[in-house]
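Novice: Below you'll find model_26.cif; it's mmCIF, C-alpha atoms.
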data_structure
#
loop_
_atom_site.group_PDB
_atom_site.id
_atom_site.type_symbol
_atom_site.label_atom_id
_atom_site.label_comp_id
_atom_site.auth_asym_id
_atom_site.auth_seq_id
_atom_site.Cartn_x
_atom_site.Cartn_y
_atom_site.Cartn_z
ATOM 1 C CA MET A 1 148.451 230.307 42.887
ATOM 2 C CA LYS A 2 148.061 233.675 41.188
ATOM 3 C CA ASN A 3 151.358 235.542 40.746
ATOM 4 C CA LYS A 4 151.841 239.230 41.491
ATOM 5 C CA ILE A 5 153.262 241.249 38.610
ATOM 6 C CA PHE A 6 155.245 244.478 38.453
ATOM 7 C CA VAL A 7 153.037 247.561 38.179
ATOM 8 C CA ASN A 8 154.575 250.832 37.015
ATOM 9 C CA LEU A 9 153.703 254.255 38.464
ATOM 10 C CA ASP A 10 151.094 255.091 35.815
ATOM 11 C CA GLU A 11 149.399 251.749 36.431
ATOM 12 C CA GLN A 12 149.493 252.304 40.197
ATOM 13 C CA ILE A 13 147.705 255.617 39.724
ATOM 14 C CA LYS A 14 145.157 253.927 37.472
ATOM 15 C CA ILE A 15 144.472 251.226 40.061
ATOM 16 C CA LEU A 16 143.909 253.767 42.835
ATOM 17 C CA LYS A 17 141.594 255.863 40.664
ATOM 18 C CA SER A 18 139.653 252.756 39.634
ATOM 19 C CA LYS A 19 138.872 252.332 43.334
ATOM 20 C CA ASP A 20 137.402 255.847 43.427
ATOM 21 C CA LEU A 21 140.364 257.546 45.095
ATOM 22 C CA ILE A 22 140.559 261.193 44.020
ATOM 23 C CA ILE A 23 144.025 262.178 42.752
ATOM 24 C CA GLU A 24 144.253 265.844 41.805
ATOM 25 C CA ASP A 25 148.009 266.050 41.199
ATOM 26 C CA GLU A 26 149.104 262.840 39.485
ATOM 27 C CA GLU A 27 152.740 263.871 39.070
ATOM 28 C CA LYS A 28 153.102 264.582 42.771
ATOM 29 C CA ALA A 29 151.338 261.314 43.562
ATOM 30 C CA LYS A 30 153.799 259.417 41.333
ATOM 31 C CA GLU A 31 156.739 261.033 43.136
ATOM 32 C CA ILE A 32 155.308 259.933 46.482
ATOM 33 C CA LEU A 33 154.596 256.410 45.255
ATOM 34 C CA LEU A 34 158.139 256.114 43.932
ATOM 35 C CA THR A 35 159.815 257.171 47.185
ATOM 36 C CA GLU A 36 157.399 255.718 49.728
ATOM 37 C CA ASN A 37 156.396 252.432 48.032
ATOM 38 C CA TYR A 38 152.889 251.716 46.736
ATOM 39 C CA PHE A 39 152.587 248.589 48.876
ATOM 40 C CA PHE A 40 153.210 250.395 52.178
ATOM 41 C CA LEU A 41 151.155 253.445 51.282
ATOM 42 C CA SER A 42 148.183 251.313 50.254
ATOM 43 C CA GLY A 43 148.401 249.573 53.633
ATOM 44 C CA TYR A 44 146.447 252.540 55.017
ATOM 45 C CA ARG A 45 143.651 252.374 52.448
ATOM 46 C CA HIS A 46 141.248 250.526 54.761
ATOM 47 C CA LEU A 47 140.873 253.633 56.905
ATOM 48 C CA LEU A 48 139.298 255.359 53.907
ATOM 49 C CA MET A 49 137.231 252.466 52.551
ATOM 50 C CA GLU A 50 133.607 251.564 53.127
ATOM 51 C CA ASN A 51 134.415 247.896 53.745
ATOM 52 C CA TYR A 52 136.963 245.203 52.965
ATOM 53 C CA LYS A 53 134.718 243.423 50.476
ATOM 54 C CA ASP A 54 134.234 245.865 47.594
ATOM 55 C CA LYS A 55 137.613 247.622 48.160
ATOM 56 C CA LYS A 56 136.241 250.986 47.071
ATOM 57 C CA PHE A 57 137.242 254.265 48.711
ATOM 58 C CA ILE A 58 134.507 256.234 50.411
ATOM 59 C CA LYS A 59 133.079 259.177 48.522
ATOM 60 C CA GLY A 60 135.427 262.145 48.563
ATOM 61 C CA ALA A 61 138.519 260.267 49.761
ATOM 62 C CA THR A 62 141.701 261.733 48.300
ATOM 63 C CA PHE A 63 145.272 260.658 47.724
ATOM 64 C CA GLU A 64 146.354 263.582 49.915
ATOM 65 C CA GLU A 65 144.302 262.141 52.791
ATOM 66 C CA LEU A 66 145.814 258.715 52.277
ATOM 67 C CA TYR A 67 149.315 260.191 52.332
ATOM 68 C CA SER A 68 148.472 262.268 55.415
ATOM 69 C CA ILE A 69 147.450 259.104 57.268
ATOM 70 C CA PHE A 70 150.667 257.415 56.127
ATOM 71 C CA ASN A 71 152.711 260.311 57.508
ATOM 72 C CA PHE A 72 150.669 260.405 60.706
ATOM 73 C CA ASP A 73 151.442 256.743 61.332
ATOM 74 C CA ARG A 74 155.145 257.389 60.704
ATOM 75 C CA LYS A 75 155.223 260.298 63.164
ATOM 76 C CA ILE A 76 153.348 258.366 65.864
ATOM 77 C CA ARG A 77 155.667 255.412 65.261
ATOM 78 C CA ASN A 78 158.719 257.649 65.753
ATOM 79 C CA ILE A 79 157.264 259.118 68.944
ATOM 80 C CA CYS A 80 156.576 255.637 70.309
ATOM 81 C CA PHE A 81 159.988 254.351 69.245
ATOM 82 C CA LYS A 82 161.980 257.018 71.069
ATOM 83 C CA ASN A 83 159.986 256.405 74.245
ATOM 84 C CA ILE A 84 160.412 252.649 74.008
ATOM 85 C CA LEU A 85 164.162 253.295 73.802
ATOM 86 C CA ILE A 86 163.956 255.318 77.022
ATOM 87 C CA ILE A 87 162.245 252.416 78.780
ATOM 88 C CA GLU A 88 164.716 249.966 77.258
ATOM 89 C CA ASN A 89 167.636 251.904 78.674
ATOM 90 C CA ASN A 90 165.906 252.251 82.060
ATOM 91 C CA ILE A 91 165.058 248.571 82.447
ATOM 92 C CA LYS A 92 168.516 247.468 81.350
ATOM 93 C CA SER A 93 170.078 249.789 83.905
ATOM 94 C CA ILE A 94 167.738 248.669 86.701
ATOM 95 C CA ILE A 95 168.131 244.941 86.058
ATOM 96 C CA SER A 96 171.915 245.111 85.752
ATOM 97 C CA TYR A 97 172.180 247.224 88.913
ATOM 98 C CA GLN A 98 169.883 245.047 91.010
ATOM 99 C CA LEU A 99 171.513 241.775 89.981
ATOM 100 C CA SER A 100 175.105 243.071 90.103
ATOM 101 C CA LYS A 101 174.514 244.395 93.608
ATOM 102 C CA LYS A 102 173.109 241.080 94.799
ATOM 103 C CA TYR A 103 175.122 238.447 92.937
ATOM 104 C CA GLY A 104 178.156 240.155 91.427
ATOM 105 C CA PHE A 105 178.820 241.657 88.015
ATOM 106 C CA GLN A 106 181.269 239.335 86.232
ATOM 107 C CA GLU A 107 180.376 236.616 83.738
ATOM 108 C CA LYS A 108 180.869 233.871 86.311
ATOM 109 C CA THR A 109 178.011 235.317 88.354
ATOM 110 C CA TYR A 110 175.495 236.577 85.806
ATOM 111 C CA LEU A 111 175.926 233.413 83.715
ATOM 112 C CA ASN A 112 175.534 231.126 86.740
ATOM 113 C CA PRO A 113 172.172 229.288 86.517
ATOM 114 C CA SER A 114 171.945 229.081 90.327
ATOM 115 C CA ASN A 115 171.324 232.850 90.429
ATOM 116 C CA TYR A 116 168.053 232.433 88.533
ATOM 117 C CA THR A 117 164.705 230.772 89.085
ATOM 118 C CA ASP A 118 164.737 227.190 90.295
ATOM 119 C CA ASP A 119 161.308 226.552 88.791
ATOM 120 C CA LYS A 120 161.690 223.176 87.061
ATOM 121 C CA GLU A 121 159.319 224.251 84.300
ATOM 122 C CA LYS A 122 161.684 227.121 83.433
ATOM 123 C CA GLU A 123 164.899 225.109 83.626
ATOM 124 C CA ARG A 124 165.250 224.903 79.850
ATOM 125 C CA GLN A 125 164.345 228.575 79.469
ATOM 126 C CA VAL A 126 167.115 229.564 81.907
ATOM 127 C CA HIS A 127 169.595 227.465 79.940
ATOM 128 C CA ASP A 128 168.475 228.980 76.611
ATOM 129 C CA VAL A 129 168.590 232.597 77.797
ATOM 130 C CA LEU A 130 172.039 232.256 79.361
ATOM 131 C CA ASN A 131 173.311 230.591 76.183
ATOM 132 C CA LYS A 132 172.030 233.516 74.136
ATOM 133 C CA MET A 133 173.889 235.864 76.462
ATOM 134 C CA ARG A 134 177.086 233.845 76.071
ATOM 135 C CA LYS A 135 176.742 234.120 72.291
ATOM 136 C CA GLN A 136 176.298 237.882 72.545
ATOM 137 C CA LEU A 137 179.426 238.085 74.692
ATOM 138 C CA ALA A 138 181.401 236.130 72.103
ATOM 139 C CA PHE A 139 179.952 238.009 69.151
ATOM 140 C CA ASN A 140 180.025 241.578 70.497
ATOM 141 C CA GLY A 141 182.945 241.402 72.916
ATOM 142 C CA LYS A 142 185.506 242.774 70.489
ATOM 143 C CA LYS A 143 183.177 244.819 68.280
ATOM 144 C CA HIS A 144 181.978 247.565 70.633
ATOM 145 C CA ALA A 145 184.158 250.199 72.247
ATOM 146 C CA ALA A 146 182.739 249.684 75.744
ATOM 147 C CA THR A 147 182.965 245.888 75.746
ATOM 148 C CA MET A 148 186.410 246.006 74.136
ATOM 149 C CA HIS A 149 187.588 248.466 76.804
ATOM 150 C CA TYR A 150 186.625 246.151 79.656
ATOM 151 C CA LEU A 151 188.023 243.068 77.953
ATOM 152 C CA THR A 152 191.329 244.782 77.274
ATOM 153 C CA ASN A 153 191.742 246.457 80.646
ATOM 154 C CA TYR A 154 189.976 244.116 83.052
ATOM 155 C CA GLY A 155 189.577 240.804 81.236
ATOM 156 C CA TYR A 156 185.798 240.627 81.640
ATOM 157 C CA ILE A 157 182.591 242.417 80.620
ATOM 158 C CA PRO A 158 180.412 243.562 83.550
ATOM 159 C CA MET A 159 176.653 243.120 83.315
ATOM 160 C CA TRP A 160 175.939 246.856 83.033
ATOM 161 C CA VAL A 161 178.044 246.916 79.864
ATOM 162 C CA LEU A 162 176.753 243.640 78.452
ATOM 163 C CA VAL A 163 173.109 244.766 78.584
ATOM 164 C CA LYS A 164 173.928 247.541 76.122
ATOM 165 C CA VAL A 165 174.423 244.976 73.356
ATOM 166 C CA LEU A 166 171.475 242.752 74.286
ATOM 167 C CA SER A 167 168.229 243.114 72.357
ATOM 168 C CA PHE A 168 165.113 244.277 74.161
ATOM 169 C CA GLY A 169 163.547 240.907 73.387
ATOM 170 C CA LEU A 170 166.397 239.104 75.140
ATOM 171 C CA MET A 171 166.118 241.467 78.109
ATOM 172 C CA ALA A 172 162.432 240.564 78.386
ATOM 173 C CA GLU A 173 163.411 236.894 78.419
ATOM 174 C CA PHE A 174 166.151 237.650 80.953
ATOM 175 C CA TYR A 175 163.648 239.260 83.316
ATOM 176 C CA ALA A 176 161.377 236.237 82.973
ATOM 177 C CA ILE A 177 164.011 233.870 84.397
ATOM 178 C CA GLN A 178 164.790 235.926 87.495
ATOM 179 C CA LYS A 179 164.036 234.557 90.933
ATOM 180 C CA PRO A 180 160.595 235.673 92.191
ATOM 181 C CA ILE A 181 162.116 237.931 94.839
ATOM 182 C CA ASP A 182 164.314 239.662 92.245
ATOM 183 C CA LYS A 183 161.414 240.092 89.835
ATOM 184 C CA GLN A 184 159.411 241.630 92.648
ATOM 185 C CA GLU A 185 162.168 244.099 93.545
ATOM 186 C CA ILE A 186 162.372 245.292 89.955
ATOM 187 C CA ALA A 187 158.611 245.404 89.320
ATOM 188 C CA LYS A 188 157.818 247.439 92.417
ATOM 189 C CA LEU A 189 159.931 250.297 91.054
ATOM 190 C CA TYR A 190 157.245 250.640 88.366
ATOM 191 C CA LYS A 191 154.355 249.986 90.777
ATOM 192 C CA LEU A 192 153.618 246.833 88.816
ATOM 193 C CA THR A 193 153.239 243.180 89.639
ATOM 194 C CA PRO A 194 156.030 240.925 88.315
ATOM 195 C CA GLU A 195 153.456 239.187 86.115
ATOM 196 C CA ASN A 196 152.351 242.445 84.503
ATOM 197 C CA LEU A 197 155.898 243.732 84.036
ATOM 198 C CA GLU A 198 156.873 240.508 82.295
ATOM 199 C CA ILE A 199 153.979 240.900 79.848
ATOM 200 C CA TYR A 200 154.712 244.606 79.338
ATOM 201 C CA LEU A 201 158.351 243.940 78.477
ATOM 202 C CA HIS A 202 157.429 241.330 75.874
ATOM 203 C CA LEU A 203 154.902 243.691 74.270
ATOM 204 C CA LEU A 204 157.373 246.573 74.302
ATOM 205 C CA ALA A 205 159.921 244.378 72.538
ATOM 206 C CA ASN A 206 157.265 243.510 69.955
ATOM 207 C CA PHE A 207 156.410 247.160 69.305
ATOM 208 C CA ARG A 208 160.099 248.097 69.292
ATOM 209 C CA ASN A 209 160.804 245.706 66.420
ATOM 210 C CA LEU A 210 157.800 246.981 64.497
ATOM 211 C CA CYS A 211 158.867 250.613 64.930
ATOM 212 C CA ALA A 212 162.514 249.924 64.092
ATOM 213 C CA HIS A 213 161.500 248.321 60.778
ATOM 214 C CA GLU A 214 158.980 251.060 59.913
ATOM 215 C CA ASP A 215 156.094 248.604 59.757
ATOM 216 C CA ILE A 216 152.500 249.806 59.808
ATOM 217 C CA LEU A 217 151.558 250.706 63.369
ATOM 218 C CA TYR A 218 147.912 251.806 63.322
ATOM 219 C CA ASP A 219 146.321 248.359 62.952
ATOM 220 C CA HIS A 220 148.985 246.301 64.733
ATOM 221 C CA ARG A 221 147.610 243.817 67.229
ATOM 222 C CA THR A 222 149.860 241.821 69.548
ATOM 223 C CA GLN A 223 149.326 238.119 70.153
ATOM 224 C CA GLN A 224 149.456 238.654 73.907
ATOM 225 C CA GLN A 225 147.108 241.063 75.667
ATOM 226 C CA ILE A 226 147.838 243.246 78.667
ATOM 227 C CA PRO A 227 145.777 242.314 81.742
ATOM 228 C CA ASP A 228 142.778 244.445 82.688
ATOM 229 C CA ASN A 229 143.844 247.282 84.964
ATOM 230 C CA GLU A 230 142.632 250.422 86.710
ATOM 231 C CA ILE A 231 143.201 252.578 83.628
ATOM 232 C CA HIS A 232 140.617 250.577 81.675
ATOM 233 C CA LYS A 233 138.161 251.237 84.519
ATOM 234 C CA TYR A 234 139.140 254.891 84.909
ATOM 235 C CA LEU A 235 138.469 255.600 81.237
ATOM 236 C CA GLN A 236 135.304 253.464 81.314
ATOM 237 C CA ILE A 237 136.383 251.757 78.132
ATOM 238 C CA GLU A 238 133.554 249.997 76.332
ATOM 239 C CA LYS A 239 133.287 246.229 76.670
ATOM 240 C CA ILE A 240 132.208 243.635 74.139
ATOM 241 C CA ASP A 241 131.421 240.153 75.499
ATOM 242 C CA ASP A 242 132.957 241.246 78.821
ATOM 243 C CA GLU A 243 136.247 242.167 77.096
ATOM 244 C CA TYR A 244 137.561 245.717 76.843
ATOM 245 C CA LYS A 245 137.283 246.967 73.268
ATOM 246 C CA TYR A 246 140.431 249.118 73.417
ATOM 247 C CA GLY A 247 143.736 249.070 75.253
ATOM 248 C CA LYS A 248 144.396 245.331 75.310
ATOM 249 C CA ASP A 249 146.488 244.387 72.258
ATOM 250 C CA ASP A 250 146.503 247.613 70.246
ATOM 251 C CA LEU A 251 148.360 250.909 70.138
ATOM 252 C CA PHE A 252 146.462 252.185 73.159
ATOM 253 C CA ALA A 253 147.710 249.177 75.125
ATOM 254 C CA LEU A 254 151.197 250.512 74.406
ATOM 255 C CA ILE A 255 150.111 253.937 75.687
ATOM 256 C CA ILE A 256 148.911 252.282 78.907
ATOM 257 C CA ILE A 257 152.297 250.577 79.285
ATOM 258 C CA PHE A 258 153.981 253.943 78.780
ATOM 259 C CA LYS A 259 151.813 255.385 81.547
ATOM 260 C CA TYR A 260 153.247 252.877 84.009
ATOM 261 C CA MET A 261 156.827 252.778 82.790
ATOM 262 C CA LEU A 262 157.693 256.338 81.785
ATOM 263 C CA LYS A 263 158.302 259.099 84.299
ATOM 264 C CA PRO A 264 155.238 261.395 84.558
ATOM 265 C CA ASP A 265 156.913 264.333 82.825
ATOM 266 C CA LYS A 266 158.080 262.126 79.945
ATOM 267 C CA PHE A 267 154.631 260.596 79.591
ATOM 268 C CA ARG A 268 152.958 263.994 79.506
ATOM 269 C CA GLU A 269 155.480 265.226 76.934
ATOM 270 C CA MET A 270 154.817 262.180 74.768
ATOM 271 C CA MET A 271 151.042 262.604 74.984
ATOM 272 C CA LEU A 272 151.296 266.251 73.980
ATOM 273 C CA GLU A 273 153.301 265.192 70.918
ATOM 274 C CA ILE A 274 150.723 262.547 70.001
ATOM 275 C CA SER A 275 147.865 264.991 70.591
ATOM 276 C CA TYR A 276 149.554 267.518 68.299
ATOM 277 C CA GLU A 277 149.897 264.970 65.479
ATOM 278 C CA ILE A 278 146.258 263.916 65.880
ATOM 279 C CA ASP A 279 145.122 267.540 65.664
ATOM 280 C CA ILE A 280 147.263 268.035 62.535
ATOM 281 C CA LEU A 281 145.721 264.935 60.926
ATOM 282 C CA ASP A 282 142.232 266.095 61.889
ATOM 283 C CA GLY A 283 142.836 269.263 59.894
ATOM 284 C CA LYS A 284 143.818 267.263 56.797
ATOM 285 C CA ILE A 285 141.059 264.647 56.774
ATOM 286 C CA ASP A 286 137.550 265.497 55.579
ATOM 287 C CA SER A 287 136.118 262.248 54.231
ATOM 288 C CA VAL A 288 136.008 260.447 57.605
ATOM 289 C CA PRO A 289 135.733 261.738 61.194
ATOM 290 C CA ILE A 290 139.015 261.680 63.142
ATOM 291 C CA GLU A 291 137.244 259.552 65.783
ATOM 292 C CA THR A 292 136.754 256.797 63.205
ATOM 293 C CA ILE A 293 140.497 256.670 62.553
ATOM 294 C CA LEU A 294 141.341 256.814 66.274
ATOM 295 C CA ASN A 295 138.933 253.993 67.082
ATOM 296 C CA LYS A 296 140.499 251.839 64.388
ATOM 297 C CA ILE A 297 143.940 252.297 65.932
ATOM 298 C CA GLY A 298 142.565 251.447 69.392
ATOM 299 C CA PHE A 299 142.048 254.878 70.959
ATOM 300 C CA PRO A 300 138.829 255.359 72.956
ATOM 301 C CA THR A 301 137.038 258.693 72.511
ATOM 302 C CA ASN A 302 138.295 259.998 75.872
ATOM 303 C CA TRP A 303 141.893 258.858 75.309
ATOM 304 C CA ARG A 304 143.357 262.194 76.450
ATOM 305 C CA GLU A 305 142.068 261.629 79.996
ATOM 306 C CA ILE A 306 144.786 259.042 80.620
ATOM 307 C CA ILE A 307 147.120 262.012 81.215
ATOM 308 C CA ASN A 308 145.200 262.835 84.413
ATOM 309 C CA TYR A 309 145.248 259.309 85.820
ATOM 310 C CA GLU A 310 147.619 258.898 88.767
ATOM 311 C CA VAL A 311 149.415 255.559 89.054
ATOM 312 C CA THR A 312 149.241 254.426 92.665
ATOM 313 C CA LYS A 313 149.654 251.200 94.590
#
Translate this structure into structure tokens?
Specialist:
Amino acid sequence: MKNKIFVNLDEQIKILKSKDLIIEDEEKAKEILLTENYFFLSGYRHLLMENYKDKKFIKGATFEELYSIFNFDRKIRNICFKNILIIENNIKSIISYQLSKKYGFQEKTYLNPSNYTDDKEKERQVHDVLNKMRKQLAFNGKKHAATMHYLTNYGYIPMWVLVKVLSFGLMAEFYAIQKPIDKQEIAKLYKLTPENLEIYLHLLANFRNLCAHEDILYDHRTQQQIPDNEIHKYLQIEKIDDEYKYGKDDLFALIIIFKYMLKPDKFREMMLEISYEIDILDGKIDSVPIETILNKIGFPTNWREIINYEVTK
């Protein structure tokens, strides 16, 4: 196996120029490469390349364009992250409220397996999820002000406090083990089916982790796809082999989830922020059309029209 070797800043510049990338200000480029990391910055090179095989940049592509795309991805990632956090807080609040109201809010109730699905195929999953929650109680109980307050003053941690220290991924698993009637009660608040909400929560957790670790967002594809829905039809998204080309496992799929799970004013605000960043990028990119970049990140040409779609059921 061929080993990777350390490449200094001058060599990094040389490599990029050997691939026909135009670098007008090498000193500025070195400063950017030092602070942003050559590996992560070069992760956006495919948007400015003719193909994956010859690994040459298209004619006229510049380092400034490459860095603009890098920054665009960071800004879109930050916009998505803050809105995922809004949904995370909302779903934690809703689940803890619904279950506390119905079963009680102390550990003896929300850790009782009888309060969750009796589906034999999910018996092990129920056991695993509740064990993870017990571990979080033991680990975080005396480390957070809120949990410590309840332990000290009341001797227990209510569910609405516990959910604050649970990961989004664990909350998605927690929703999955609810009784069908409880899943339905929660899902209808979003005008979703329980099946779709379960998928949406898992995908949101996936994107949340990616955003939190500043991973590349534009070409991320999730293993699980969102089911076909009315938004795909409304936008008349192109199909290939009877499968929608966009909005299934890409960034636009996340936008579709936001449409269902954010309040209308928050969704519109988010879309205006995204639209602004796309317009800014469009003004900085000359070597490729902005539509080419948007299509590669999963946005159909008429992506803005999702703002006008009204979620009904």
Novice: Pick out the residues sitting within 9 Å of stretch 72-85 of chain A, and hand them over as an MDAnalysis selection string; count only C-alpha atoms, and ignore anything fewer than 2 positions along from it in its own chain.
Specialist: chainID A and resid 67:70 87:90 204:205 207:208 210:212 214:218 254:255 258 262 266:267 270 273:274 277:278 280:281
Novice: Would you translate the PyMOL selection byres ((chain A and resi 285) around 12) into the concrete set of residues it matches in this file, as a list in words?
Specialist: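 So the PyMOL selection byres ((chain A and resi 285) around 12) ends up selecting Leu47, Leu48, Gly60, Ala61, Thr62, Phe63, Glu64, Glu65, Leu66, Tyr67, Ser68, Ile69, Phe72, Ile278, Asp279, Ile280, Leu281, Asp282, Gly283, Lys284, Asp286, Ser287, Val288, Pro289, Ile290, Glu291, Thr292 and Ile293 of chain A.
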Novice: Point out the residue among A:Lys53, A:Lys183, A:Lys164, A:His127 with the least atom-to-atom distance to A:Ala146, counting all atoms listed in the file.
Specialist: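 Of all the options, A:Lys164 lies closest to A:Ala146.
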Novice: Starting from 6 Å padding per side, set up an axis-aligned box that covers all listed atoms of stretch 236-248 of chain A and hand over centre and edge lengths in Å, one decimal, as JSON.
Specialist:
{"center_x": 137.9, "center_y": 246.8, "center_z": 77.3, "size_x": 25.0, "size_y": 25.3, "size_z": 20.0}
Novice: When you count all atoms listed in the file, which of these residues is closest to A:Lys248: A:Lys179, A:Lys17, A:Lys188, A:Arg221?
Specialist: A:Arg221
Novice: Hey, what's within 10 Å of A:Tyr200 if we count all atoms listed in the file and toss same-chain stuff fewer than 6 positions away? As a list of chain:residue names, please?
Specialist: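 After dropping sequence-adjacent residues, the list is A:Ala172, A:Leu192, A:Pro194, A:Asn206, A:Gln224, A:Gln225, A:Ile226, A:Pro227, A:Ala253, A:Leu254, A:Ile256, A:Ile257, A:Phe258, A:Tyr260, A:Met261.
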Novice: Write out as a PyMOL selection string which residues come within 12 Å of A:Ser114 when counting all atoms listed in the file, dropping same-chain ones fewer than 5 positions away.
Specialist: chain A and resi 103+108-109+119+123+126-127+130+177-179
Novice: Please list as a PyMOL selection string every residue within 9 Å of A:Lys56, counting all atoms listed in the file and excluding residues in the same chain fewer than 3 positions away.
Specialist: chain A and resi 18-21+48-53+59
Novice: Would you write out, as a VMD selection string, every residue that the PyMOL selection byres ((chain A and resi 157) around 12) captures in this file?
Specialist: chain A and resid 104 to 111 133 to 134 136 to 138 140 to 142 144 to 156 158 to 165
Novice: Could you expand the PyMOL selection byres ((chain A and resi 235) around 12) into the explicit residues it covers here, written as a list of chain:residue names?
Specialist: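 Matching residues under the PyMOL selection byres ((chain A and resi 235) around 12) are A:Asn229, A:Glu230, A:Ile231, A:His232, A:Lys233, A:Tyr234, A:Gln236, A:Ile237, A:Glu238, A:Lys239, A:Tyr244, A:Lys245, A:Tyr246, A:Gly247, A:Phe252, A:Ile256, A:Phe299, A:Pro300, A:Thr301, A:Asn302, A:Trp303, A:Arg304, A:Glu305, A:Ile306, A:Ile307, A:Asn308, A:Tyr309.
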Novice: Measuring between only C-alpha atoms, which one of A:Gln223, A:Lys191, A:Leu294, A:Asn196 shows the shortest distance to A:Thr312?
Specialist: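 Ranked by minimum distance to A:Thr312, first place goes to A:Lys191.
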Novice: Distance atom CA of A:Leu251-atom CA of A:Leu16, one decimal place?
Specialist: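 So the two atoms, atom CA of A:Leu251 and atom CA of A:Leu16, lie 27.8 Å apart.
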Novice: Using atom CA of A:Leu166 and atom CA of A:Lys135 as the two end points, give the distance in Å to one decimal.
Specialist: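 Taking atom CA of A:Leu166 as the start and atom CA of A:Lys135 as the end point, the length is 10.3 Å.
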Novice: Atom CA of A:His202 and atom CA of A:Ser275 are how many Å apart?
Specialist: 26.1 Å
Novice: May I have the residues at most 8 Å from (163.6, 250.2, 89.5) in the file's coordinates, counting only C-alpha atoms, as a ChimeraX atom specification?
Specialist: /A:91,94-95,185-190
Novice: Nearest to A:Lys259 among A:Ile297, A:Val311, A:Gly43, A:Tyr175, with distances taken over all atoms listed in the file: which residue is it?
Specialist: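 Closest residue, counting all atoms listed in the file: A:Val311.
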